[in-house]
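Accompanying notes for the structure given below.
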Amino acid sequence: MKYVDTEQVHKKMGSRQIANNLAKTLFFLATLFGLAVLIVLIYRVLADGLSWINMDFLMNRLSTDPEKAGIWGAITGTFWLMLVVAPVTMILGIGTAIYLEEYAAKGRVSSFIKTNIANLAGVPSVVFGILGLTVFARALDLGSVVFAGGLTMALLVLPVVVVASQEAIRAVPQFLREASYGMGATKWQTIKNVVLPAALPGILTGVILALSRAIGETAPLVVIGIPALLIPVPDGIFDKFTILPVQIYYWTIDSALIAEYANLAAATIVILLIVLFVMNSIAILIRNKFQKRY
Amino acid sequence: MPVVIEKTNPNVNKESIIQNPAENKKVVYNTKDLNLWYGEGHALKNINLAINENEITAIIGPSGCGKSTYIKTLNRMVELVPSVKISGEILYRERNILDKSFKVEDLRTNVGMVFQKPNPFPKSIYENVAYGPKIHGIRDKKILDEIVEKSLRGAAIWDEVKDRLNQNAYGLSGGQQQRLCIARCLAIEPDVILMDEPTSALDPISTLKIEELVQELKEAFSITIVTHNMQQAARISDKTAFFLNGEVIEFANTDKIFSTPSDKRTEDYITGRFG
């Protein structure tokens with residue numbers, strides 16, 4: 001006798017098909033929800049901000065007068081901040097990843113460090129802000145300047161770079177290392193000439209994603225103490241500064257007092273989104289261009 | 001009945017005692033009481049082997065018999081495996097390579113290796129071959145050019161790649177990649193070449209080319225080759241060592257191993273009764 005009764009199967013076919021289609025619809029709606037919210041958000045921002053974007057808005061200094069206010073200071077501040085964050089995270093992040101993957105003996109200590117770095121990625125950014133305030137701004141007496149903010153932000157995004165670099169280094173096939181060692185190369189020569197070039201696309205992708213996260217972060221720098229209205233434009237990394245997301249934050253709060261501040265905030269969001277979009281596109285381009293060659 | 005395979009080397013004296021080579025050839029590698037453990041697993045047991053200059057020594061045996069482990073011990077590549085433990089002596093040109101004072105980088109400059117799977121770097125053909133000389137400090141472009149050409153000619157691949165030296169090595173076929181890896185190995189001008197199943201990933205025609213090449217290289221280098229393929233061992237080698245469960249069961253002239261093996265287990269293996 002057959003266990004699978006064709007007739008019974010046929011009878012229940014209808015309800016199985018319904019469940020099948022239901023599942024598909026449900027998952028599609030879940031996807032749609034996120035997308036719809038994003039579209040509404042972008043629409044609102046564009047509607048409020050687009051007409052405010054012009055050369056004056058980009059090139060002017062801050063002002064209490066919404067008609068005169070511009071974000072040149074925040075753009076410059078963001079630039080200087082990245083100039084600190086990028087090298088610091090790259091040196092610390094890639095260095096840590098190389099040590100953990102290539103040098104550290106695989107054992108309890110290294111897995112303890114790895115677990116902690118992964119956990120560090122989950123620490124709320126405001127906590128990093130408190131660290132930056134106590135250590136860099138106050139204990140080292142740097143004040144709330146670009147350098148202090150940059151170091152704080154570098155620590156915040158460090159786990160992203162470490163984890164991405166570790167994965168990229170781990171993905172370099174062992175047979176390439178063996179080929180290099182087999183010719184009498186030292187470990188450092190092998191890392192420098194074989195491992196890093198092969199892992200570079202993955203590492204760069206991680207670095208760019210980390211930087212684009214740093215560009216959008218607000219909380220840590222608010223904690224460090226960025227003034228709500230900073231008129232001078234920073235000339236270097238030891239100047240006081242403001243950045244795009246912080247400016248958005250202050251304008252949004254103050255829009256209760258002056259309604260046009262909401263439009264300024266929206267216009268700044270548009271600029272910030274463009275910057276983020278460009279950076280993420282570069283990361284994706286690099287990833288696609290150099291994908292798996294062996 | 002053992003298989004008798006025709007060999008084209010009339011000079012080898014079938015009766016010679018191998019463990020202590022009687023011919024006037026110099027010993028390159030002398031392994032004495034070598035034992036190796038991976039953690040608790042005893043992978044090599046009391047290995048005693050002498051490898052001669054300008055000869056091809058084949059190492060055969062079933063999977064897991066320790067033949068790859070042994071060849072990787074000869075250039076200490078086996079140390080990349082964590083938890084490996086070694087005792088005994090391996091004398092390379094009279095010096096114990098297991099001695100801590102012997103720098104692996106020195107050893108591997110004298111002892112090149114060709115791996116099971118072709119493993120060129122994702123760089124140009126030229127850069128692949130120039131890699132070894134560069135890490136050993138040669139910067140002069142003219143000298144590098146010369147080394148690259150000489151090595152590629154030595155590996156019988158020059159004519160196929162001379163017009164595309166700057167192209168990525170991954171554009172070559174598997175067989176060409178393996179010959180490129182041999183060229184890369186020749187570029188460090190080694191004394192010994194270790195080959196770990198160099199043709200196992202290749203088609204028969206590429207395999208034949210590599211075998212012919214190995215025969216030619218014998219004139220200038222001492223070659224130790226691990227192979228899964230007994231016919232290959234019989235075709236190209238002067239001496240053959242048969243490994244089983246981490247032990248050397250028999251080590252003799254290839255002719256003898258394949259015609260009149262002295263151990264029953266060798267005979268069973270080469271006649272295809274197991275493995």
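Ordering of the structure tokens sets the chain letters (A, B, ...); residue numbers start at 1 within each chain; ligands are numbered from 1 in the order shown.
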(message) Need the shell around Glu89 (chain B): protein/DNA/RNA residues with any atom at most 8 Å away, counting only C-alpha atoms. Skip same-chain ones fewer than 4 positions apart. Format as an MDAnalysis selection string?
(response) chainID B and resid 31:34 96:98
Excluding Val278 (chain A) and residues on its chain fewer than 6 positions from it, collect all residues at most 12 Å away from it, counting only C-alpha atoms, and give them as a PDB file with C-alpha atoms, in the first residue's frame.
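Printed below is out.pdb as written:
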ATOM      1  CA  ILE A 208      34.181  53.551   4.042  1.00  0.00           C
ATOM      2  CA  LEU A 209      31.148  52.101   5.812  1.00  0.00           C
ATOM      3  CA  LEU A 211      33.368  56.604   7.946  1.00  0.00           C
ATOM      4  CA  SER A 212      29.847  56.970   6.665  1.00  0.00           C
ATOM      5  CA  ILE A 271      23.101  67.363   1.828  1.00  0.00           C
ATOM      6  CA  LEU A 272      24.024  64.734   4.444  1.00  0.00           C
ATOM      7  CA  ILE A 284      29.653  48.969  -3.166  1.00  0.00           C
ATOM      8  CA  LEU A 285      31.649  49.800  -6.302  1.00  0.00           C
TER       9      LEU A 285
END
(request) Find the residues of chain B in contact range of chain A, meaning any atom within 10 Å when counting only C-alpha atoms, and list them as an MDAnalysis selection string. (result) chainID B and resid 72 75:77 80 82 103:123 131:136 170 181 184:188 190 194
Expected file: the selected residues, C-alpha atoms, as a PDB file, in the first residue's frame:
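Output saved as part26.pdb:
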ATOM      1  CA  LYS B  72      56.172  19.594   4.495  1.00  0.00           C
ATOM      2  CA  ASN B  75      60.889  22.821   4.584  1.00  0.00           C
ATOM      3  CA  ARG B  76      59.208  23.148   7.980  1.00  0.00           C
ATOM      4  CA  MET B  77      55.974  24.237   6.344  1.00  0.00           C
ATOM      5  CA  LEU B  80      51.985  26.356  10.094  1.00  0.00           C
ATOM      6  CA  PRO B  82      49.160  24.633  15.290  1.00  0.00           C
ATOM      7  CA  LYS B 103      66.002  30.141  10.276  1.00  0.00           C
ATOM      8  CA  VAL B 104      63.084  28.844   8.217  1.00  0.00           C
ATOM      9  CA  GLU B 105      63.529  31.732   5.779  1.00  0.00           C
ATOM     10  CA  ASP B 106      67.088  30.523   5.074  1.00  0.00           C
ATOM     11  CA  LEU B 107      65.905  26.968   4.645  1.00  0.00           C
ATOM     12  CA  ARG B 108      63.092  27.873   2.279  1.00  0.00           C
ATOM     13  CA  THR B 109      65.392  29.967   0.122  1.00  0.00           C
ATOM     14  CA  ASN B 110      67.337  26.777  -0.554  1.00  0.00           C
ATOM     15  CA  VAL B 111      64.348  24.489  -0.679  1.00  0.00           C
ATOM     16  CA  GLY B 112      61.551  25.484  -3.025  1.00  0.00           C
ATOM     17  CA  MET B 113      58.101  23.993  -2.947  1.00  0.00           C
ATOM     18  CA  VAL B 114      55.425  23.279  -5.528  1.00  0.00           C
ATOM     19  CA  PHE B 115      51.991  22.658  -4.110  1.00  0.00           C
ATOM     20  CA  GLN B 116      49.127  20.308  -4.839  1.00  0.00           C
ATOM     21  CA  LYS B 117      46.857  22.975  -6.261  1.00  0.00           C
ATOM     22  CA  PRO B 118      48.426  25.601  -8.510  1.00  0.00           C
ATOM     23  CA  ASN B 119      48.634  28.661  -6.260  1.00  0.00           C
ATOM     24  CA  PRO B 120      49.868  31.658  -8.230  1.00  0.00           C
ATOM     25  CA  PHE B 121      49.416  35.075  -6.631  1.00  0.00           C
ATOM     26  CA  PRO B 122      46.631  37.245  -8.049  1.00  0.00           C
ATOM     27  CA  LYS B 123      49.350  39.321  -9.712  1.00  0.00           C
ATOM     28  CA  TYR B 131      58.251  37.714  -6.113  1.00  0.00           C
ATOM     29  CA  GLY B 132      60.922  35.428  -4.660  1.00  0.00           C
ATOM     30  CA  PRO B 133      63.959  37.397  -5.860  1.00  0.00           C
ATOM     31  CA  LYS B 134      62.301  40.625  -4.693  1.00  0.00           C
ATOM     32  CA  ILE B 135      61.691  39.426  -1.157  1.00  0.00           C
ATOM     33  CA  HIS B 136      65.317  38.365  -1.057  1.00  0.00           C
ATOM     34  CA  TYR B 170      44.739  33.729 -13.258  1.00  0.00           C
ATOM     35  CA  CYS B 181      54.465  28.008  -9.932  1.00  0.00           C
ATOM     36  CA  ARG B 184      58.330  30.953  -9.445  1.00  0.00           C
ATOM     37  CA  CYS B 185      60.065  28.300  -7.407  1.00  0.00           C
ATOM     38  CA  LEU B 186      63.083  28.193  -9.776  1.00  0.00           C
ATOM     39  CA  ALA B 187      63.416  31.974  -9.457  1.00  0.00           C
ATOM     40  CA  ILE B 188      64.786  31.662  -5.934  1.00  0.00           C
ATOM     41  CA  PRO B 190      66.871  26.577  -4.902  1.00  0.00           C
ATOM     42  CA  LEU B 194      59.760  19.663  -3.023  1.00  0.00           C
TER      43      LEU B 194
END
(request) Quick one: everything within 7 Å of Ala183 (chain B), counting only C-alpha atoms, minus sequence neighbours fewer than 3 positions away in the same chain. Send it as a ChimeraX atom specification. (result) /B:129,151-152,154-155,179-180,186-187
(request) Have a look at CA of Tyr250 (chain A) and CA of Phe147 (chain A) and let me know their distance in Å, one decimal. (result)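 Rounded to one decimal, the two atoms are 21.5 Å apart.
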(request) Tell me, in Å to one decimal, how far CA of Ile225 (chain B) is from CA of Glu247 (chain B). (result) 17.0 Å
(request) Just give me the gap between CA of Leu36 (chain B) and CA of Ile86 (chain B) in Å, one decimal is fine. (result)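 Between CA of Leu36 (chain B) and CA of Ile86 (chain B) the gap works out to 4.5 Å.
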(message) Here is a test: counting only C-alpha atoms, which residue of B:Glu127, B:Trp158, B:Leu202, B:Gly88 is nearest to Leu144 (chain B)?
(response) B:Glu127
So that I can check the surroundings of Asn35 (chain B), please list as a PDB file with C-alpha atoms, in the first residue's frame every protein, DNA and RNA residue that reaches within 8 Å of it, counting only C-alpha atoms and ignoring chain neighbours fewer than 2 positions away.
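The file below, out-v9.pdb, is the result:
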ATOM      1  CA  ASP B  33      64.483   9.004  13.715  1.00  0.00           C
ATOM      2  CA  TRP B  37      52.573  14.412  16.241  1.00  0.00           C
ATOM      3  CA  HIS B  42      51.269  10.200  15.828  1.00  0.00           C
ATOM      4  CA  ALA B  43      51.598  11.124  12.131  1.00  0.00           C
ATOM      5  CA  LEU B  44      55.212  10.158  11.401  1.00  0.00           C
ATOM      6  CA  LYS B  45      56.928   7.252  13.145  1.00  0.00           C
ATOM      7  CA  ASN B  46      60.697   6.789  13.214  1.00  0.00           C
ATOM      8  CA  ILE B  47      61.385   7.966   9.712  1.00  0.00           C
ATOM      9  CA  ILE B  86      58.458  17.084  16.143  1.00  0.00           C
ATOM     10  CA  SER B  87      61.376  15.011  17.424  1.00  0.00           C
ATOM     11  CA  GLY B  88      64.416  13.589  15.694  1.00  0.00           C
TER      12      GLY B  88
END
(request) Taking the chain letters and numbering used in this document, name the residues of region 21-123 of chain B that DSSP puts in helix (DSSP H, G or I), as a list of chain:residue names. (result) B:Lys67, B:Ser68, B:Thr69, B:Tyr70, B:Ile71, B:Lys72, B:Thr73, B:Leu74, B:Met77, B:Val78, B:Glu79, B:Leu80, B:Val104, B:Glu105, B:Asp106, B:Leu107, B:Arg108, B:Thr109, B:Asn110
Can you spit out the residues from that selection as a PDB file, in the first residue's frame, using N, CA and C atoms?
ATOM      1  N   LYS B  67      52.681  11.054   3.896  1.00  0.00           N
ATOM      2  CA  LYS B  67      53.645  11.470   2.872  1.00  0.00           C
ATOM      3  C   LYS B  67      53.678  12.985   2.684  1.00  0.00           C
ATOM      4  N   SER B  68      52.503  13.609   2.716  1.00  0.00           N
ATOM      5  CA  SER B  68      52.479  15.076   2.600  1.00  0.00           C
ATOM      6  C   SER B  68      53.079  15.733   3.836  1.00  0.00           C
ATOM      7  N   THR B  69      52.756  15.161   4.991  1.00  0.00           N
ATOM      8  CA  THR B  69      53.323  15.683   6.233  1.00  0.00           C
ATOM      9  C   THR B  69      54.845  15.631   6.183  1.00  0.00           C
ATOM     10  N   TYR B  70      55.379  14.508   5.666  1.00  0.00           N
ATOM     11  CA  TYR B  70      56.833  14.362   5.625  1.00  0.00           C
ATOM     12  C   TYR B  70      57.469  15.424   4.741  1.00  0.00           C
ATOM     13  N   ILE B  71      56.900  15.614   3.536  1.00  0.00           N
ATOM     14  CA  ILE B  71      57.530  16.571   2.626  1.00  0.00           C
ATOM     15  C   ILE B  71      57.406  17.993   3.181  1.00  0.00           C
ATOM     16  N   LYS B  72      56.323  18.259   3.898  1.00  0.00           N
ATOM     17  CA  LYS B  72      56.172  19.594   4.495  1.00  0.00           C
ATOM     18  C   LYS B  72      57.075  19.783   5.702  1.00  0.00           C
ATOM     19  N   THR B  73      57.577  18.684   6.239  1.00  0.00           N
ATOM     20  CA  THR B  73      58.525  18.806   7.335  1.00  0.00           C
ATOM     21  C   THR B  73      59.898  19.200   6.788  1.00  0.00           C
ATOM     22  N   LEU B  74      60.165  18.778   5.540  1.00  0.00           N
ATOM     23  CA  LEU B  74      61.476  19.059   4.955  1.00  0.00           C
ATOM     24  C   LEU B  74      61.724  20.557   4.758  1.00  0.00           C
ATOM     25  N   MET B  77      57.275  23.645   6.610  1.00  0.00           N
ATOM     26  CA  MET B  77      55.974  24.237   6.344  1.00  0.00           C
ATOM     27  C   MET B  77      54.936  23.649   7.294  1.00  0.00           C
ATOM     28  N   VAL B  78      55.232  22.453   7.787  1.00  0.00           N
ATOM     29  CA  VAL B  78      54.303  21.765   8.679  1.00  0.00           C
ATOM     30  C   VAL B  78      54.066  22.575   9.962  1.00  0.00           C
ATOM     31  N   GLU B  79      55.011  23.479  10.254  1.00  0.00           N
ATOM     32  CA  GLU B  79      54.865  24.281  11.476  1.00  0.00           C
ATOM     33  C   GLU B  79      53.717  25.272  11.399  1.00  0.00           C
ATOM     34  N   LEU B  80      53.152  25.473  10.204  1.00  0.00           N
ATOM     35  CA  LEU B  80      51.985  26.356  10.094  1.00  0.00           C
ATOM     36  C   LEU B  80      50.768  25.740  10.769  1.00  0.00           C
ATOM     37  N   VAL B 104      63.906  29.428   9.286  1.00  0.00           N
ATOM     38  CA  VAL B 104      63.084  28.844   8.217  1.00  0.00           C
ATOM     39  C   VAL B 104      63.241  29.609   6.913  1.00  0.00           C
ATOM     40  N   GLU B 105      63.413  30.935   6.998  1.00  0.00           N
ATOM     41  CA  GLU B 105      63.529  31.732   5.779  1.00  0.00           C
ATOM     42  C   GLU B 105      64.769  31.314   4.982  1.00  0.00           C
ATOM     43  N   ASP B 106      65.864  31.016   5.721  1.00  0.00           N
ATOM     44  CA  ASP B 106      67.088  30.523   5.074  1.00  0.00           C
ATOM     45  C   ASP B 106      66.824  29.191   4.388  1.00  0.00           C
ATOM     46  N   LEU B 107      66.189  28.308   5.154  1.00  0.00           N
ATOM     47  CA  LEU B 107      65.905  26.968   4.645  1.00  0.00           C
ATOM     48  C   LEU B 107      65.087  27.042   3.363  1.00  0.00           C
ATOM     49  N   ARG B 108      64.019  27.848   3.408  1.00  0.00           N
ATOM     50  CA  ARG B 108      63.092  27.873   2.279  1.00  0.00           C
ATOM     51  C   ARG B 108      63.640  28.628   1.077  1.00  0.00           C
ATOM     52  N   THR B 109      64.735  29.354   1.271  1.00  0.00           N
ATOM     53  CA  THR B 109      65.392  29.967   0.122  1.00  0.00           C
ATOM     54  C   THR B 109      66.188  28.909  -0.637  1.00  0.00           C
ATOM     55  N   ASN B 110      66.608  27.876   0.082  1.00  0.00           N
ATOM     56  CA  ASN B 110      67.337  26.777  -0.554  1.00  0.00           C
ATOM     57  C   ASN B 110      66.424  25.657  -1.016  1.00  0.00           C
TER      58      ASN B 110
END
